[in-house]
$ cat final27.pdb   # PDB, C-alpha atoms, pLDDT in the B column
ATOM      1  CA  MET A1490     -42.363  42.751 -12.871  1.00 48.00           C
ATOM      2  CA  THR A1491     -42.708  39.398 -11.114  1.00 48.00           C
ATOM      3  CA  ASN A1492     -40.219  38.019  -8.601  1.00 46.00           C
ATOM      4  CA  ASP A1493     -39.075  35.435 -11.149  1.00 49.00           C
ATOM      5  CA  GLU A1494     -38.466  38.174 -13.719  1.00 45.00           C
ATOM      6  CA  ILE A1495     -36.481  40.228 -11.173  1.00 37.00           C
ATOM      7  CA  ARG A1496     -34.421  37.182 -10.204  1.00 45.00           C
ATOM      8  CA  HIS A1497     -33.774  36.364 -13.857  1.00 43.00           C
ATOM      9  CA  LYS A1498     -32.716  39.969 -14.519  1.00 40.00           C
ATOM     10  CA  ASP A1499     -30.332  39.916 -11.537  1.00 44.00           C
ATOM     11  CA  GLN A1500     -28.806  36.644 -12.698  1.00 47.00           C
ATOM     12  CA  PHE A1501     -28.419  38.035 -16.215  1.00 40.00           C
ATOM     13  CA  PHE A1502     -26.758  41.196 -14.871  1.00 39.00           C
ATOM     14  CA  THR A1503     -24.332  39.184 -12.716  1.00 44.00           C
ATOM     15  CA  ALA A1504     -23.415  36.982 -15.668  1.00 43.00           C
ATOM     16  CA  PHE A1505     -23.011  40.048 -17.888  1.00 39.00           C
ATOM     17  CA  VAL A1506     -20.634  41.746 -15.412  1.00 41.00           C
ATOM     18  CA  GLU A1507     -18.525  38.622 -15.099  1.00 49.00           C
ATOM     19  CA  ILE A1508     -18.339  38.252 -18.884  1.00 42.00           C
ATOM     20  CA  LYS A1509     -17.243  41.883 -19.157  1.00 45.00           C
ATOM     21  CA  LEU A1510     -14.580  41.324 -16.527  1.00 48.00           C
ATOM     22  CA  ALA A1511     -13.405  38.258 -18.386  1.00 49.00           C
ATOM     23  CA  GLY A1512     -13.287  40.284 -21.577  1.00 48.00           C
ATOM     24  CA  ASN A1513     -11.132  42.941 -19.920  1.00 48.00           C
ATOM     25  CA  ALA A1514      -8.704  40.207 -18.907  1.00 46.00           C
ATOM     26  CA  VAL A1515      -9.005  38.074 -22.003  1.00 41.00           C
ATOM     27  CA  SER A1516      -5.244  37.490 -22.043  1.00 42.00           C
ATOM     28  CA  HIS A1517      -5.456  35.736 -18.654  1.00 52.00           C
ATOM     29  CA  SER A1518      -5.549  31.982 -18.903  1.00 75.00           C
ATOM     30  CA  GLU A1519      -7.497  29.769 -16.541  1.00 75.00           C
ATOM     31  CA  ARG A1520      -4.235  29.195 -14.706  1.00 76.00           C
ATOM     32  CA  ASP A1521      -3.789  32.930 -14.253  1.00 85.00           C
ATOM     33  CA  THR A1522      -7.291  33.210 -12.795  1.00 87.00           C
ATOM     34  CA  LYS A1523      -6.611  30.416 -10.327  1.00 90.00           C
ATOM     35  CA  GLN A1524      -3.389  32.150  -9.331  1.00 91.00           C
ATOM     36  CA  ILE A1525      -5.225  35.424  -8.727  1.00 93.00           C
ATOM     37  CA  ILE A1526      -7.735  33.618  -6.511  1.00 93.00           C
ATOM     38  CA  VAL A1527      -4.896  32.001  -4.544  1.00 92.00           C
ATOM     39  CA  ASP A1528      -3.094  35.344  -4.191  1.00 93.00           C
ATOM     40  CA  THR A1529      -6.258  36.981  -2.860  1.00 93.00           C
ATOM     41  CA  ALA A1530      -7.018  34.110  -0.495  1.00 92.00           C
ATOM     42  CA  GLU A1531      -3.491  34.224   0.900  1.00 91.00           C
ATOM     43  CA  ARG A1532      -3.894  37.927   1.632  1.00 92.00           C
ATOM     44  CA  PHE A1533      -7.179  37.310   3.454  1.00 91.00           C
ATOM     45  CA  PHE A1534      -5.733  34.382   5.402  1.00 91.00           C
ATOM     46  CA  ARG A1535      -2.795  36.543   6.446  1.00 88.00           C
ATOM     47  CA  ASP A1536      -4.850  39.645   7.308  1.00 90.00           C
ATOM     48  CA  ILE A1537      -7.958  38.263   9.021  1.00 90.00           C
ATOM     49  CA  GLY A1538      -7.281  34.537   9.374  1.00 89.00           C
ATOM     50  CA  TYR A1539      -8.398  31.341   7.687  1.00 88.00           C
ATOM     51  CA  GLN A1540     -11.470  30.748   9.857  1.00 90.00           C
ATOM     52  CA  LYS A1541     -12.875  34.255   9.368  1.00 92.00           C
ATOM     53  CA  THR A1542     -12.324  34.262   5.616  1.00 93.00           C
ATOM     54  CA  THR A1543     -15.163  33.079   3.396  1.00 94.00           C
ATOM     55  CA  VAL A1544     -15.266  32.236  -0.281  1.00 94.00           C
ATOM     56  CA  ALA A1545     -17.696  35.139  -0.612  1.00 94.00           C
ATOM     57  CA  ASP A1546     -15.012  37.497   0.785  1.00 94.00           C
ATOM     58  CA  ILE A1547     -12.521  36.289  -1.801  1.00 94.00           C
ATOM     59  CA  ALA A1548     -15.070  36.544  -4.599  1.00 93.00           C
ATOM     60  CA  LYS A1549     -16.188  40.037  -3.607  1.00 93.00           C
ATOM     61  CA  SER A1550     -12.597  41.285  -3.526  1.00 92.00           C
ATOM     62  CA  LEU A1551     -12.153  39.998  -7.089  1.00 91.00           C
ATOM     63  CA  ARG A1552     -15.533  41.326  -8.258  1.00 91.00           C
ATOM     64  CA  MET A1553     -16.585  37.777  -8.979  1.00 90.00           C
ATOM     65  CA  SER A1554     -19.485  35.686  -7.784  1.00 91.00           C
ATOM     66  CA  PRO A1555     -18.795  32.839  -5.320  1.00 91.00           C
ATOM     67  CA  ALA A1556     -20.082  30.486  -8.009  1.00 92.00           C
ATOM     68  CA  ASN A1557     -17.305  31.636 -10.310  1.00 91.00           C
ATOM     69  CA  VAL A1558     -14.683  30.965  -7.628  1.00 91.00           C
ATOM     70  CA  TYR A1559     -16.151  27.490  -7.188  1.00 91.00           C
ATOM     71  CA  ARG A1560     -15.494  26.867 -10.886  1.00 91.00           C
ATOM     72  CA  PHE A1561     -11.810  26.758  -9.995  1.00 92.00           C
ATOM     73  CA  PHE A1562     -11.854  25.480  -6.396  1.00 92.00           C
ATOM     74  CA  ASP A1563     -14.557  23.260  -4.961  1.00 91.00           C
ATOM     75  CA  SER A1564     -14.142  24.528  -1.384  1.00 91.00           C
ATOM     76  CA  LYS A1565     -12.238  26.893   0.889  1.00 91.00           C
ATOM     77  CA  LYS A1566     -10.215  23.860   1.944  1.00 91.00           C
ATOM     78  CA  SER A1567      -8.965  23.359  -1.608  1.00 92.00           C
ATOM     79  CA  ILE A1568      -8.007  27.050  -1.807  1.00 92.00           C
ATOM     80  CA  ASN A1569      -6.029  26.653   1.413  1.00 90.00           C
ATOM     81  CA  GLU A1570      -4.313  23.591  -0.061  1.00 89.00           C
ATOM     82  CA  ALA A1571      -3.333  25.671  -3.097  1.00 91.00           C
ATOM     83  CA  VAL A1572      -1.855  28.425  -0.897  1.00 90.00           C
ATOM     84  CA  LEU A1573       0.176  25.891   1.078  1.00 88.00           C
ATOM     85  CA  GLU A1574       1.151  24.065  -2.110  1.00 89.00           C
ATOM     86  CA  ARG A1575       2.883  27.223  -3.271  1.00 88.00           C
ATOM     87  CA  TYR A1576       4.932  27.326  -0.066  1.00 88.00           C
ATOM     88  CA  LYS A1577       5.734  23.623  -0.217  1.00 89.00           C
ATOM     89  CA  ARG A1578       6.734  23.822  -3.870  1.00 90.00           C
ATOM     90  CA  GLU A1579       9.076  26.747  -3.180  1.00 91.00           C
ATOM     91  CA  GLN A1580      10.774  24.825  -0.386  1.00 90.00           C
ATOM     92  CA  GLU A1581      10.962  21.587  -2.358  1.00 92.00           C
ATOM     93  CA  GLU A1582      12.459  23.295  -5.398  1.00 93.00           C
ATOM     94  CA  ALA A1583      15.029  25.110  -3.245  1.00 94.00           C
ATOM     95  CA  ILE A1584      16.258  21.978  -1.479  1.00 94.00           C
ATOM     96  CA  ALA A1585      16.187  19.884  -4.658  1.00 94.00           C
ATOM     97  CA  THR A1586      18.493  22.418  -6.315  1.00 95.00           C
ATOM     98  CA  ILE A1587      20.903  22.279  -3.371  1.00 96.00           C
ATOM     99  CA  ALA A1588      20.816  18.469  -3.352  1.00 96.00           C
ATOM    100  CA  THR A1589      22.040  18.231  -6.949  1.00 95.00           C
ATOM    101  CA  GLU A1590      25.000  20.577  -6.539  1.00 96.00           C
ATOM    102  CA  ASP A1591      28.474  19.115  -7.041  1.00 94.00           C
ATOM    103  CA  ARG A1592      29.961  19.601  -3.598  1.00 96.00           C
ATOM    104  CA  PRO A1593      30.354  17.602  -0.377  1.00 96.00           C
ATOM    105  CA  ALA A1594      27.198  15.940   0.917  1.00 97.00           C
ATOM    106  CA  ALA A1595      27.714  17.451   4.372  1.00 97.00           C
ATOM    107  CA  ASP A1596      27.691  20.967   2.928  1.00 97.00           C
ATOM    108  CA  ARG A1597      24.554  20.259   0.916  1.00 97.00           C
ATOM    109  CA  LEU A1598      22.766  18.710   3.888  1.00 97.00           C
ATOM    110  CA  ARG A1599      23.675  21.669   6.095  1.00 97.00           C
ATOM    111  CA  ASP A1600      22.284  24.109   3.530  1.00 97.00           C
ATOM    112  CA  ILE A1601      19.115  22.081   2.957  1.00 97.00           C
ATOM    113  CA  LEU A1602      18.296  22.124   6.661  1.00 97.00           C
ATOM    114  CA  ALA A1603      19.238  25.784   7.075  1.00 96.00           C
ATOM    115  CA  VAL A1604      17.207  26.930   4.059  1.00 95.00           C
ATOM    116  CA  SER A1605      14.190  24.886   5.176  1.00 94.00           C
ATOM    117  CA  TYR A1606      14.314  26.539   8.591  1.00 93.00           C
ATOM    118  CA  ARG A1607      14.695  30.052   7.165  1.00 93.00           C
ATOM    119  CA  LEU A1608      11.798  29.656   4.736  1.00 90.00           C
ATOM    120  CA  ASN A1609       9.425  28.305   7.375  1.00 88.00           C
ATOM    121  CA  ALA A1610      10.485  30.880   9.967  1.00 88.00           C
ATOM    122  CA  ALA A1611       9.977  33.745   7.512  1.00 87.00           C
ATOM    123  CA  ARG A1612       6.463  32.595   6.678  1.00 84.00           C
ATOM    124  CA  PHE A1613       5.143  31.387  10.005  1.00 82.00           C
ATOM    125  CA  ALA A1614       7.201  32.524  13.010  1.00 78.00           C
ATOM    126  CA  GLY A1615       5.183  35.117  14.877  1.00 74.00           C
ATOM    127  CA  HIS A1616       2.372  35.037  12.302  1.00 80.00           C
ATOM    128  CA  ALA A1617      -0.545  33.580  14.246  1.00 81.00           C
ATOM    129  CA  ARG A1618      -3.008  33.837  11.363  1.00 83.00           C
ATOM    130  CA  MET A1619      -0.702  31.946   9.011  1.00 81.00           C
ATOM    131  CA  GLN A1620      -0.273  29.291  11.695  1.00 82.00           C
ATOM    132  CA  GLU A1621      -4.068  29.052  11.832  1.00 85.00           C
ATOM    133  CA  MET A1622      -4.017  28.240   8.136  1.00 82.00           C
ATOM    134  CA  VAL A1623      -1.550  25.411   8.781  1.00 82.00           C
ATOM    135  CA  CYS A1624      -3.688  24.064  11.635  1.00 83.00           C
ATOM    136  CA  ALA A1625      -6.660  23.934   9.281  1.00 84.00           C
ATOM    137  CA  ALA A1626      -4.605  22.064   6.699  1.00 82.00           C
ATOM    138  CA  MET A1627      -3.467  19.555   9.310  1.00 82.00           C
ATOM    139  CA  GLU A1628      -7.086  18.898  10.236  1.00 83.00           C
ATOM    140  CA  GLU A1629      -8.606  18.966   6.751  1.00 84.00           C
ATOM    141  CA  SER A1630      -5.792  18.060   4.335  1.00 80.00           C
ATOM    142  CA  TRP A1631      -3.471  15.704   6.193  1.00 83.00           C
ATOM    143  CA  ASP A1632      -2.767  13.647   3.069  1.00 86.00           C
ATOM    144  CA  ALA A1633      -1.268  16.721   1.390  1.00 84.00           C
ATOM    145  CA  ILE A1634       0.958  17.351   4.437  1.00 86.00           C
ATOM    146  CA  ILE A1635       2.162  13.746   4.424  1.00 89.00           C
ATOM    147  CA  ALA A1636       2.913  13.945   0.688  1.00 89.00           C
ATOM    148  CA  HIS A1637       5.112  17.003   1.297  1.00 89.00           C
ATOM    149  CA  ILE A1638       6.980  15.231   4.120  1.00 91.00           C
ATOM    150  CA  GLU A1639       7.584  12.241   1.870  1.00 93.00           C
ATOM    151  CA  ARG A1640       9.002  14.429  -0.902  1.00 92.00           C
ATOM    152  CA  PHE A1641      11.209  16.208   1.640  1.00 94.00           C
ATOM    153  CA  ASP A1642      12.453  12.829   2.877  1.00 95.00           C
ATOM    154  CA  VAL A1643      13.312  11.715  -0.658  1.00 95.00           C
ATOM    155  CA  VAL A1644      15.685  14.657  -1.039  1.00 95.00           C
ATOM    156  CA  LEU A1645      17.295  14.135   2.361  1.00 95.00           C
ATOM    157  CA  ARG A1646      17.648  10.407   1.791  1.00 96.00           C
ATOM    158  CA  GLY A1647      19.385  10.985  -1.527  1.00 96.00           C
ATOM    159  CA  VAL A1648      21.962  13.326   0.004  1.00 96.00           C
ATOM    160  CA  VAL A1649      22.594  10.975   2.939  1.00 97.00           C
ATOM    161  CA  ALA A1650      23.028   8.009   0.590  1.00 96.00           C
ATOM    162  CA  ASP A1651      25.426  10.017  -1.561  1.00 96.00           C
ATOM    163  CA  GLY A1652      27.422  11.021   1.514  1.00 96.00           C
ATOM    164  CA  ILE A1653      27.721   7.368   2.505  1.00 96.00           C
ATOM    165  CA  ALA A1654      28.825   6.402  -0.993  1.00 95.00           C
ATOM    166  CA  ARG A1655      31.484   9.132  -0.967  1.00 94.00           C
ATOM    167  CA  GLY A1656      32.770   7.982   2.412  1.00 95.00           C
ATOM    168  CA  GLU A1657      31.809  11.247   4.106  1.00 95.00           C
ATOM    169  CA  PHE A1658      29.107   9.672   6.273  1.00 97.00           C
ATOM    170  CA  ARG A1659      29.356   6.496   8.254  1.00 94.00           C
ATOM    171  CA  PRO A1660      27.464   3.494   6.874  1.00 94.00           C
ATOM    172  CA  VAL A1661      23.916   3.804   8.166  1.00 95.00           C
ATOM    173  CA  ASP A1662      20.495   3.041   6.760  1.00 96.00           C
ATOM    174  CA  PRO A1663      19.681   6.210   4.718  1.00 96.00           C
ATOM    175  CA  ALA A1664      15.943   5.890   5.368  1.00 95.00           C
ATOM    176  CA  GLN A1665      16.415   5.538   9.117  1.00 96.00           C
ATOM    177  CA  ALA A1666      18.910   8.395   9.184  1.00 96.00           C
ATOM    178  CA  THR A1667      16.487  10.608   7.254  1.00 96.00           C
ATOM    179  CA  GLY A1668      13.742   9.988   9.798  1.00 95.00           C
ATOM    180  CA  CYS A1669      16.130  10.815  12.631  1.00 96.00           C
ATOM    181  CA  ILE A1670      17.257  14.033  10.943  1.00 96.00           C
ATOM    182  CA  ARG A1671      13.692  15.193  10.360  1.00 94.00           C
ATOM    183  CA  THR A1672      12.732  14.388  13.950  1.00 94.00           C
ATOM    184  CA  ALA A1673      15.787  16.172  15.345  1.00 94.00           C
ATOM    185  CA  MET A1674      14.969  19.281  13.306  1.00 94.00           C
ATOM    186  CA  ILE A1675      11.204  19.313  13.844  1.00 91.00           C
ATOM    187  CA  ARG A1676      11.140  22.277  16.234  1.00 91.00           C
ATOM    188  CA  PHE A1677      12.898  24.302  13.522  1.00 90.00           C
ATOM    189  CA  MET A1678      10.755  22.998  10.650  1.00 86.00           C
ATOM    190  CA  HIS A1679       7.189  22.702  11.952  1.00 85.00           C
ATOM    191  CA  PRO A1680       5.302  25.981  11.306  1.00 81.00           C
ATOM    192  CA  LEU A1681       3.704  25.912  14.763  1.00 80.00           C
ATOM    193  CA  LEU A1682       6.668  24.674  16.811  1.00 83.00           C
ATOM    194  CA  ILE A1683       9.033  27.317  15.429  1.00 83.00           C
ATOM    195  CA  THR A1684       7.192  29.930  17.498  1.00 80.00           C
ATOM    196  CA  GLN A1685       5.967  27.755  20.378  1.00 76.00           C
ATOM    197  CA  CYS A1686       9.457  26.425  21.162  1.00 78.00           C
ATOM    198  CA  GLU A1687      11.192  29.797  21.136  1.00 77.00           C
ATOM    199  CA  CYS A1688      10.810  30.144  24.908  1.00 78.00           C
ATOM    200  CA  ILE A1689      12.086  26.622  25.606  1.00 82.00           C
ATOM    201  CA  PRO A1690      15.844  26.461  26.309  1.00 86.00           C
ATOM    202  CA  GLY A1691      17.667  24.528  23.627  1.00 86.00           C
ATOM    203  CA  PRO A1692      20.138  24.670  20.770  1.00 90.00           C
ATOM    204  CA  SER A1693      19.966  27.174  17.953  1.00 92.00           C
ATOM    205  CA  PRO A1694      19.184  25.925  14.430  1.00 93.00           C
ATOM    206  CA  ASP A1695      22.879  26.051  13.493  1.00 95.00           C
ATOM    207  CA  GLU A1696      23.864  24.159  16.639  1.00 96.00           C
ATOM    208  CA  MET A1697      21.317  21.435  15.953  1.00 95.00           C
ATOM    209  CA  ILE A1698      22.397  21.128  12.327  1.00 97.00           C
ATOM    210  CA  SER A1699      26.030  20.761  13.426  1.00 97.00           C
ATOM    211  CA  PHE A1700      24.982  18.081  15.926  1.00 96.00           C
ATOM    212  CA  VAL A1701      23.122  16.163  13.193  1.00 96.00           C
ATOM    213  CA  LEU A1702      26.078  16.328  10.832  1.00 96.00           C
ATOM    214  CA  ASN A1703      28.498  15.241  13.534  1.00 96.00           C
ATOM    215  CA  ALA A1704      26.328  12.174  14.179  1.00 95.00           C
ATOM    216  CA  LEU A1705      26.593  11.229  10.503  1.00 96.00           C
ATOM    217  CA  MET A1706      30.259  11.885   9.850  1.00 94.00           C
ATOM    218  CA  ALA A1707      32.533   8.945   9.173  1.00 86.00           C
ATOM    219  CA  ARG A1708      35.134   8.288  11.865  1.00 79.00           C
ATOM    220  CA  PRO A1709      38.780   7.554  11.045  1.00 72.00           C
ATOM    221  CA  ALA A1710      39.634   3.871  11.342  1.00 65.00           C
ATOM    222  CA  PRO A1711      41.559   3.105  14.570  1.00 63.00           C
ATOM    223  CA  ASN A1712      45.273   2.475  14.125  1.00 60.00           C
TER
END
$ encode --input "final27.pdb" --output "structure tokens"
Amino acid sequence: MTNDEIRHKDQFFTAFVEIKLAGNAVSHSERDTKQIIVDTAERFFRDIGYQKTTVADIAKSLRMSPANVYRFFDSKKSINEAVLERYKREQEEAIATIATEDRPAADRLRDILAVSYRLNAARFAGHARMQEMVCAAMEESWDAIIAHIERFDVVLRGVVADGIARGEFRPVDPAQATGCIRTAMIRFMHPLLITQCECIPGPSPDEMISFVLNALMARPAPN
């Protein structure tokens, strides 16, 4: 058997195995397959780190060829973006739900900031390999990070504007106030700073949130 015949046989066998696997999971849609790839990648990123993980590792764990993984994601960077997108979507959905609740703006803003801190701390605080994943995204996928910040700001800005309209907050520029709030809370929001700032003396998350709210609250008119 010639080398070309052996190579052709190996390619046929690989394709046959992948078709069989697809047949065993025929009920899985393309979206399900992408989700399985993302789930597997997240596990690798968490266990051995983003830099040490290869697409071949992910493919081997799924009994797929790297080429099949590349059918769904064009690079490891895009897989990383999908993992982070899941986290961002969870946070964005949580704060959007809080923002639409029928209760005082100050209460909603407090909960939005507290929930955002808790979610980020649970995922990244003390997890060096997950922080590595974020560092890679900041270097390779900055546009996606900026898009998340902008969506976060939209929610905050809406709650601040509503608080001003209700007379709870003093009349300020909602966009400027939103930027100030995000900056004030950055050590409790940024996946890397949450851990790095733990040893730096400063307020707790609840203390900082109370400070932010106090800065926004409307003051009684002087007699």
$ closest_residue --input "final27.pdb" --among "A:Ile1537, A:Ile1689, A:Val1648, A:Ile1635" --to "A:Ala1617" --atoms "all atoms listed in the file"
A:Ile1537
$ resolve_selection --input "final27.pdb" --expression "the PyMOL selection byres ((chain A and resi 1695-1699) around 8)" --output "number ranges by chain"
A: 1599, 1602-1603, 1673-1674, 1692-1694, 1700-1703
$ resolve_selection --input "final27.pdb" --expression "the PyMOL selection byres ((chain A and resi 1655) around 12)" --output "count of residues only"
18
$ residues_around --input "final27.pdb" --residues "A:Thr1529" --least-positions-apart "5" --cutoff "12 Å" --atoms "only C-alpha atoms" --output "list of chain:residue names"
A:Thr1522, A:Lys1523, A:Gln1524, A:Phe1534, A:Arg1535, A:Asp1536, A:Thr1542, A:Thr1543, A:Val1544, A:Ala1545, A:Asp1546, A:Ile1547, A:Ala1548, A:Lys1549, A:Ser1550, A:Leu1551, A:Arg1552, A:Val1558, A:Ile1568, A:Asn1569, A:Ala1571, A:Val1572
$ atom_distance --input "final27.pdb" --atom1 "atom CA of A:Arg1532" --atom2 "atom CA of A:Phe1613"
13.9 Å
$ residues_around --input "final27.pdb" --residues "A:Tyr1606" --least-positions-apart "5" --cutoff "9 Å" --atoms "only C-alpha atoms" --output "PyMOL selection string"
chain A and resi 1601+1611+1674+1677-1679+1683+1694
$ atom_distance --input "final27.pdb" --atom1 "atom CA of A:Ala1556" --atom2 "atom CA of A:Met1622"
22.9 Å
$ closest_residue --input "final27.pdb" --among "A:Thr1667, A:Ala1530, A:Arg1676, A:Val1661" --to "A:Cys1688" --atoms "only C-alpha atoms"
A:Arg1676
$ resolve_selection --input "final27.pdb" --expression "the PyMOL selection byres ((chain A and resi 1574-1580) around 9)" --output "PyMOL selection string"
chain A and resi 1569-1573+1581-1585+1604-1605+1608-1609+1612+1633+1637+1641
